[in-house]
Each structure stands twice: as C-alpha cells, then as structure tokens.
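A.B. asks: Next up is a structure, given as structure tokens.
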Amino acid sequence: MKALAPKQVMFAIVAALTLAGAPGVSWAQEKKDDSKRSAPTMDETTGKRLNEAIELLNANKYNEAAAVLGKLNLEKLSPYERSRLAQIQASIAHAKEDFDGARKYLQEAMAAGGLNEQEVIQIKYQIAQLYMAQERWKEGAAALEEWFKSAPSPNSSAYYLLAVAYYQLEDFNRALAPAAKAVEMSEKPQESWLQLLLAIYLQKEDYKSAIPILLKMVAAAPDKKTYWLQLSSVYGQLENYAQSLAMLELAYAGGLLTEDSEYRRLSDLLVFSDIPYRGAKVLEDAISQKKVTADSKAYEKLANAWIAAREYEKSIAPLRRAAETSGNGDLFVRLGEVQVQRREWNGAIEAVRLGIEKGGLKDVGNAQLLMGIAYYSQSKPREARDWFVRASQSAKHRQNASQYIQAIDTAM
C-alpha cells in the first residue's frame, strides 16, 4: 500500500491538533489553571496589554496584536510574564502559519522559567505538533518520543501522531505499536486512524492482522467500496478465495462496483471458484451495460467463462469477436477447438484456417492437428492425411499425428 498522500496527512494532523489544542492560549484559561497553585503575580499594566493582544488575536488582527506586545519591556517582566508573553506570540505566529516562529516562541516560553511542570509538558507536545504540521517527520517523531517520557497520561491522538511520523519515514516497524495503541485506546477510532493501522499492516504484508481492521472499517462505512475491495484482496493474499469472492459479491450486490477491472476480477474469481456460469453472466451483463470495455481481452475472458461452464454454443460469438481483433491467430484456433468439442467440423475447419492465415501462432502443430482431425471426422482421409503429415513435423504432436496417418494408410 502506498504512503498516505500529503493532503491526507495534513488533514489528519489538523484533526489531531484540534483535539489536542493549538499552541495558543487564552489569558482567561491560564488564570483558571493557575488557581490550582499559588498564582504568580502579574503587573496590572502588563496584564491589560496581554488581554488586549489576545482580543486582537481572536479578531484575526495579528499585526496589531504583535504591535501591542512589542510595547512591553522584556527587562521589566517577571519569568511568569515573559512565559505568557511568549505563548501569545506563539499563538500569533501559529495563526499566520509561521510554524518556525511559533516553535521559537514556545521554546522561549519554557526558557523564561515561568511555567509549571504540566505547562512545560504541554508545550513540548505543541512543539512536536508544529514539526508534524511542517511534515518534518524525523524531528516530530523525536520531539514526541521525548514528550512521552514525561507525559503523565498520553492520549490516543498523541500515539496516532507518532505513528504518522514513523509511517512517513517508512519505518513501519516503529509505526505499528503507536498506531495500534491509538486504535486500542479509542472506543470509536477515527477512520483515519484505522486507515493508518491498516496501511502499516499491508506494508508489512501482515494480511492476517489486517483482516479485523478491515472488518471494522466495512462495518463502520458499508457504502465505501474501497474497504470491500481491500478486504477481498487481503483474503486473496491469504489464499482464502471463498472469502475473497464473498466480499466482492457483497460489493457487487450493493451496487458498489463501478470500474472495468472490478467486474473482470469478480468474473475471474467466480470462474476460479468453479462458478463459471455466473462468472460469464456477470461479465456479459457488464459488457452489455458498457461497464466493461468491449475489447479483445474482455470477449476472450467471456468466452473462456462460457467454455468452463460447458456452454460451448454461447462461447462462439464472443470468441470470434476476440479472435477478429486479436493480434495473432491463436484465438481462431481456440475457436476451432470449441467447434471440435461441438462436433461442428466445418466450423472448426473455417476457424483454424483463419487462425493459420492470420499467423503468429504459438503452436502451429496444434492447428495442423486440429485441421486433420476435422477432415478425418468428415471422412475426408486424403485432406486429413496432408494435415497430419504437417503436424508430425512438430515433436509435441508427432505421436498423435503419426497414429492418425497409420490409421488412414491402413484403411486405404
């Protein structure tokens, strides 16, 4: 399975950032959190400036907010005030998508020394998120691993982000544990989380583990064709062809199949599973409804399905159409073989002759032998003998041809 597309990655990260909280803080929230400890003192003028900047930030007036903060004299601020200032500056930078700037301000907030242990842990997580938003997977993974060492109770979003980072680095072994943990911790895992875990299993070719994930995805979104097709494909990798067919049949019954290749694969599986008549009907209907391109391969496949179902007469028309558009005469010879099965000797002679004339045969001796058999069955020994003599030049068919020649010579 291919790596997640950049758009998918960014969507997943934005969702995780939303759940975990963006780097910005509101002054009101901070005051509430600080009530749980002895609240540091803050100069009244400084507090007003910070609140004014937050109001401008919330109104999307980023430059004005930055200008207000620029009026503060850093040398006169306490460690607590410098930390809060840097956090608001990080919020402004983040809103302007200046992720490098946001990360620099968050690091300054920690370095100022005005944050408690819990706040430092939270900022470390936010720094990791910023690396992820920039698709700097290596730095993001390292920052998250460092954060995990001190985080008291990591949530499922954090495990998911770590798995994304390792997946994008194509380190699927290290991506597996956090991806599985994120899903395990969630009562109703997000679809993107299940997709990531599935992608990792498929990359590792651990198809057995992929099955329960796909079953969850199908149950959660039964109208999504992709999951049915993936489930069918994974069962096929495990050589459980009955289940592979069952999943594809359910998708077909639900009207989910839309692509040419999907109908062809369903037909192939039906034929492989000894249900050739249905395989032929599925393909025939798809061709008539223009869901499958009516090319030489499609008609050949349809003819072979009818042949497998022993519906030789129904195989004639599609096999002839396939032979007419084929690049060589092999399919005309195949048509001749079907006519021999039907004991339609004139039809067999006509078809094989067309095949020989078209040329490019993989087995010329077989065509010559068929011609001899058709003439012999029409009680035309002289014509038959000529073709058997030609067929006897082939080591593969020499014995059969020689037996016919001996029988003709004996009778004559």
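Residue numbering restarts at 1 in every chain; chains get A, B, ... in the order shown in the structure tokens, and ligands count up from 1 in that same order.
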Residues at most 7 Å from segment 363-370 of chain A, counting only C-alpha atoms, excluding those fewer than 5 positions away in the same chain, as an mmCIF file with N, CA and C atoms, in the first residue's frame?
C.D. replies:
```cif
data_model
loop_
_atom_site.group_PDB
_atom_site.id
_atom_site.type_symbol
_atom_site.label_atom_id
_atom_site.label_comp_id
_atom_site.auth_asym_id
_atom_site.auth_seq_id
_atom_site.Cartn_x
_atom_site.Cartn_y
_atom_site.Cartn_z
ATOM 1 N N VAL A 333 -7.763 -20.440 -33.535
ATOM 2 C CA VAL A 333 -7.501 -21.849 -33.270
ATOM 3 C C VAL A 333 -8.286 -22.305 -32.045
ATOM 4 N N VAL A 352 -9.911 -22.649 -37.777
ATOM 5 C CA VAL A 352 -8.480 -22.944 -37.730
ATOM 6 C C VAL A 352 -7.778 -22.377 -38.954
ATOM 7 N N TRP A 387 -2.707 -32.834 -43.582
ATOM 8 C CA TRP A 387 -2.552 -32.008 -42.369
ATOM 9 C C TRP A 387 -1.836 -32.777 -41.260
ATOM 10 N N PHE A 388 -2.093 -34.086 -41.178
ATOM 11 C CA PHE A 388 -1.399 -34.877 -40.143
ATOM 12 C C PHE A 388 0.097 -34.977 -40.443
ATOM 13 N N ARG A 390 1.860 -32.661 -41.879
ATOM 14 C CA ARG A 390 2.422 -31.386 -41.440
ATOM 15 C C ARG A 390 2.563 -31.346 -39.914
ATOM 16 N N ALA A 391 1.527 -31.845 -39.227
ATOM 17 C CA ALA A 391 1.556 -31.825 -37.756
ATOM 18 C C ALA A 391 2.656 -32.719 -37.207
ATOM 19 N N SER A 394 6.025 -31.512 -35.865
ATOM 20 C CA SER A 394 6.134 -30.961 -34.509
ATOM 21 C C SER A 394 6.395 -32.092 -33.523
ATOM 22 N N HIS A 397 3.434 -32.935 -31.240
ATOM 23 C CA HIS A 397 2.227 -33.575 -31.777
ATOM 24 C C HIS A 397 2.534 -34.757 -32.697
ATOM 25 N N ALA A 401 -0.231 -37.392 -34.454
ATOM 26 C CA ALA A 401 -0.362 -37.282 -35.910
ATOM 27 C C ALA A 401 0.013 -38.591 -36.599
#
```
A.B. asks: Show me a table, sorted first by chain and then by increasing residue number, of the residues of segment 69-108 of chain A having an atom at most 12 Å from segment 42-47 of chain A, each with its shortest atom pair and the distance in Å to one decimal, counting only C-alpha atoms and written as a tab-separated table.
C.D. replies:
```
residue	atom	partner	partner_atom	distance
A:Leu69	CA	A:Thr46	CA	9.2
A:Gly70	CA	A:Thr46	CA	11.5
A:Lys71	CA	A:Thr46	CA	9.8
A:Leu72	CA	A:Thr46	CA	7.3
A:Asn73	CA	A:Thr46	CA	9.4
A:Leu74	CA	A:Thr46	CA	10.5
A:Lys76	CA	A:Asp43	CA	9.8
A:Leu77	CA	A:Thr46	CA	8.2
A:Ser78	CA	A:Met42	CA	7.8
A:Pro79	CA	A:Met42	CA	10.0
A:Tyr80	CA	A:Met42	CA	7.7
A:Glu81	CA	A:Met42	CA	6.6
A:Arg82	CA	A:Thr46	CA	10.1
A:Ser83	CA	A:Met42	CA	11.5
A:Arg84	CA	A:Gly47	CA	9.7
A:Leu85	CA	A:Thr46	CA	9.3
```
A.B. asks: Tell me, which residues of segment 57-301 of chain A carry DSSP helix (DSSP H, G or I), written as a PyMOL selection string?
C.D. replies: chain A and resi 57-58+62-70+74-76+79-95+99-111+117-133+137-150+156-168+172-185+191-203+207-220+225-237+241-253+260-272+276-288+296-301
A.B. asks: Sorted by chain and rising residue number, list the residues of segment 115-153 of chain A at most 10 Å from segment 161-172 of chain A (counting only C-alpha atoms), each with its closest atom pair and distance in Å to one decimal, as a tab-separated table.
C.D. replies:
```
residue	atom	partner	partner_atom	distance
A:Ala128	CA	A:Leu161	CA	9.2
A:Gln129	CA	A:Leu161	CA	8.0
A:Tyr131	CA	A:Ala165	CA	9.7
A:Met132	CA	A:Ala165	CA	7.2
A:Glu135	CA	A:Ala165	CA	8.2
A:Arg136	CA	A:Ala165	CA	8.2
A:Trp137	CA	A:Ala165	CA	4.8
A:Lys138	CA	A:Ala165	CA	7.0
A:Glu139	CA	A:Ala165	CA	8.9
A:Gly140	CA	A:Ala165	CA	6.7
A:Ala141	CA	A:Ala165	CA	5.6
A:Ala142	CA	A:Leu162	CA	9.0
A:Ala143	CA	A:Leu162	CA	9.4
A:Leu144	CA	A:Leu162	CA	6.5
A:Glu145	CA	A:Leu162	CA	7.8
A:Phe148	CA	A:Leu162	CA	9.9
```
A.B. asks: Keeping only C-alpha atoms, write the selected residues to a file as a PDB file, in the first residue's frame.
C.D. replies:
```
ATOM      1  CA  ALA A 128       6.093  18.277  18.312  1.00  0.00           C
ATOM      2  CA  GLN A 129       2.796  19.103  16.621  1.00  0.00           C
ATOM      3  CA  TYR A 131       7.084  19.785  13.386  1.00  0.00           C
ATOM      4  CA  MET A 132       4.341  17.472  12.179  1.00  0.00           C
ATOM      5  CA  GLU A 135       5.962  17.439   7.596  1.00  0.00           C
ATOM      6  CA  ARG A 136       9.308  17.371   9.380  1.00  0.00           C
ATOM      7  CA  TRP A 137       8.697  13.800  10.381  1.00  0.00           C
ATOM      8  CA  LYS A 138      12.074  12.962  11.883  1.00  0.00           C
ATOM      9  CA  GLU A 139      12.089  15.978  14.216  1.00  0.00           C
ATOM     10  CA  GLY A 140       8.412  15.444  15.002  1.00  0.00           C
ATOM     11  CA  ALA A 141       8.957  11.819  15.975  1.00  0.00           C
ATOM     12  CA  ALA A 142      11.956  12.708  18.142  1.00  0.00           C
ATOM     13  CA  ALA A 143      10.010  15.510  19.872  1.00  0.00           C
ATOM     14  CA  LEU A 144       7.061  13.217  20.536  1.00  0.00           C
ATOM     15  CA  GLU A 145       9.292  10.462  21.899  1.00  0.00           C
ATOM     16  CA  PHE A 148       6.198  10.671  26.009  1.00  0.00           C
TER      17      PHE A 148
END
```
A.B. asks: Here is a test: counting only C-alpha atoms, which residue of A:Ile408, A:Lys290, A:Arg310, A:Asn240 is nearest to Pro276 of chain A?
C.D. replies: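 Smallest distance to Pro276 of chain A is found for A:Arg310.
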A.B. asks: Using only C-alpha atoms, which residue out of A:Ala86, A:Ile92, A:Ala309, A:Leu256 lies closest to Gly114 of chain A?
C.D. replies: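 Using only C-alpha atoms, the shortest distance to Gly114 of chain A belongs to A:Ala86.
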A.B. asks: What lies within 9 Å of Gln339 of chain A using only C-alpha atoms, ignoring chain neighbours under 6 positions off, as a list in words?
C.D. replies: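 So the residues in contact are Tyr312, Glu313, Ile316, Trp345, Asn346, Gly347, Ala348, Ile349 and Ala351 of chain A.
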A.B. asks: Atoms to include: N, CA and C atoms. Write the selected residues as a compact mmCIF listing (two decimals), in the first residue's frame.
C.D. replies:
```txt
# COMPACT_ATOMS: atom_id res chain seq x y z
N TYR A 312 -20.73 -24.30 -24.71
CA TYR A 312 -19.87 -24.07 -25.87
C TYR A 312 -20.53 -23.17 -26.91
N GLU A 313 -21.82 -23.35 -27.13
CA GLU A 313 -22.50 -22.54 -28.13
C GLU A 313 -22.45 -21.06 -27.77
N ILE A 316 -19.15 -19.15 -28.68
CA ILE A 316 -18.75 -18.94 -30.08
C ILE A 316 -18.67 -17.46 -30.44
N TRP A 345 -17.67 -29.68 -37.62
CA TRP A 345 -16.41 -29.85 -38.33
C TRP A 345 -16.13 -28.73 -39.33
N ASN A 346 -17.16 -28.31 -40.04
CA ASN A 346 -16.96 -27.20 -40.98
C ASN A 346 -16.56 -25.93 -40.25
N GLY A 347 -17.23 -25.70 -39.13
CA GLY A 347 -16.90 -24.52 -38.32
C GLY A 347 -15.48 -24.58 -37.80
N ALA A 348 -15.06 -25.80 -37.43
CA ALA A 348 -13.70 -25.98 -36.92
C ALA A 348 -12.68 -25.69 -38.02
N ILE A 349 -12.94 -26.24 -39.23
CA ILE A 349 -12.01 -26.03 -40.35
C ILE A 349 -11.90 -24.54 -40.68
N ALA A 351 -12.51 -21.92 -38.75
CA ALA A 351 -11.85 -21.15 -37.70
C ALA A 351 -10.34 -21.38 -37.69
```
A.B. asks: What gap, in Å, lies between atom CA of Ile356 of chain A and atom CA of Lys396 of chain A?
C.D. replies: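 Distance between the two atoms: 17.8 Å.
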A.B. asks: Glu262 of chain A: which residues within 9 Å, counting only C-alpha atoms, same-chain residues fewer than 5 positions away excluded, as an mmCIF file with N, CA and C atoms, in the first residue's frame?
C.D. replies:
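Okay, around_17.cif is ready:
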```cif
data_model
loop_
_atom_site.group_PDB
_atom_site.id
_atom_site.type_symbol
_atom_site.label_atom_id
_atom_site.label_comp_id
_atom_site.auth_asym_id
_atom_site.auth_seq_id
_atom_site.Cartn_x
_atom_site.Cartn_y
_atom_site.Cartn_z
ATOM 1 N N LEU A 229 -13.190 -3.868 -1.419
ATOM 2 C CA LEU A 229 -12.194 -4.347 -2.372
ATOM 3 C C LEU A 229 -10.895 -4.723 -1.665
ATOM 4 N N LEU A 248 -16.358 -9.585 -2.563
ATOM 5 C CA LEU A 248 -16.578 -8.922 -3.845
ATOM 6 C C LEU A 248 -18.033 -9.075 -4.295
ATOM 7 N N LEU A 257 -19.668 -1.733 -7.224
ATOM 8 C CA LEU A 257 -18.658 -1.886 -8.270
ATOM 9 C C LEU A 257 -18.947 -0.921 -9.419
ATOM 10 N N SER A 267 -15.577 -11.685 -12.141
ATOM 11 C CA SER A 267 -15.795 -12.790 -13.080
ATOM 12 C C SER A 267 -14.693 -13.839 -12.951
#
```
A.B. asks: Give me the residues near Tyr207 of chain A as an MDAnalysis selection string, where near means some atom within 8 Å (using only C-alpha atoms) and where sequence neighbours in that chain fewer than 6 positions away do not count.
C.D. replies: chainID A and resid 201 234:235 237:238
A.B. asks: With only C-alpha atoms as the counted atoms, please give the residues lying no more than 10 Å from segment 150-155 of chain A, apart from itself and same-chain residues fewer than 6 positions off, as JSON, numbers by chain.
C.D. replies: {"A": [19, 20, 117, 118, 120, 121, 122, 124, 125, 144, 181, 182, 185, 186]}
A.B. asks: Which polymer residues have any atom within 8 Å of an atom of Gly359 of chain A, counting only C-alpha atoms, with same-chain residues fewer than 3 positions away left out, as an NGL selection string?
C.D. replies: :A and (328-329 or 355-356)
A.B. asks: Record the distance separating atom CA of Val183 of chain A and atom CA of Ser156 of chain A, expressed in Å with one decimal.
C.D. replies: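 Here the two named atoms are 7.3 Å from each other.
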A.B. asks: Kindly indicate which residue among A:Ala219, A:Leu176, A:Ile373, A:Val271 lies nearest to Ala242 of chain A, using only C-alpha atoms for the distances.
C.D. replies: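 When distances to Ala242 of chain A are compared using only C-alpha atoms, the smallest one comes from A:Val271.
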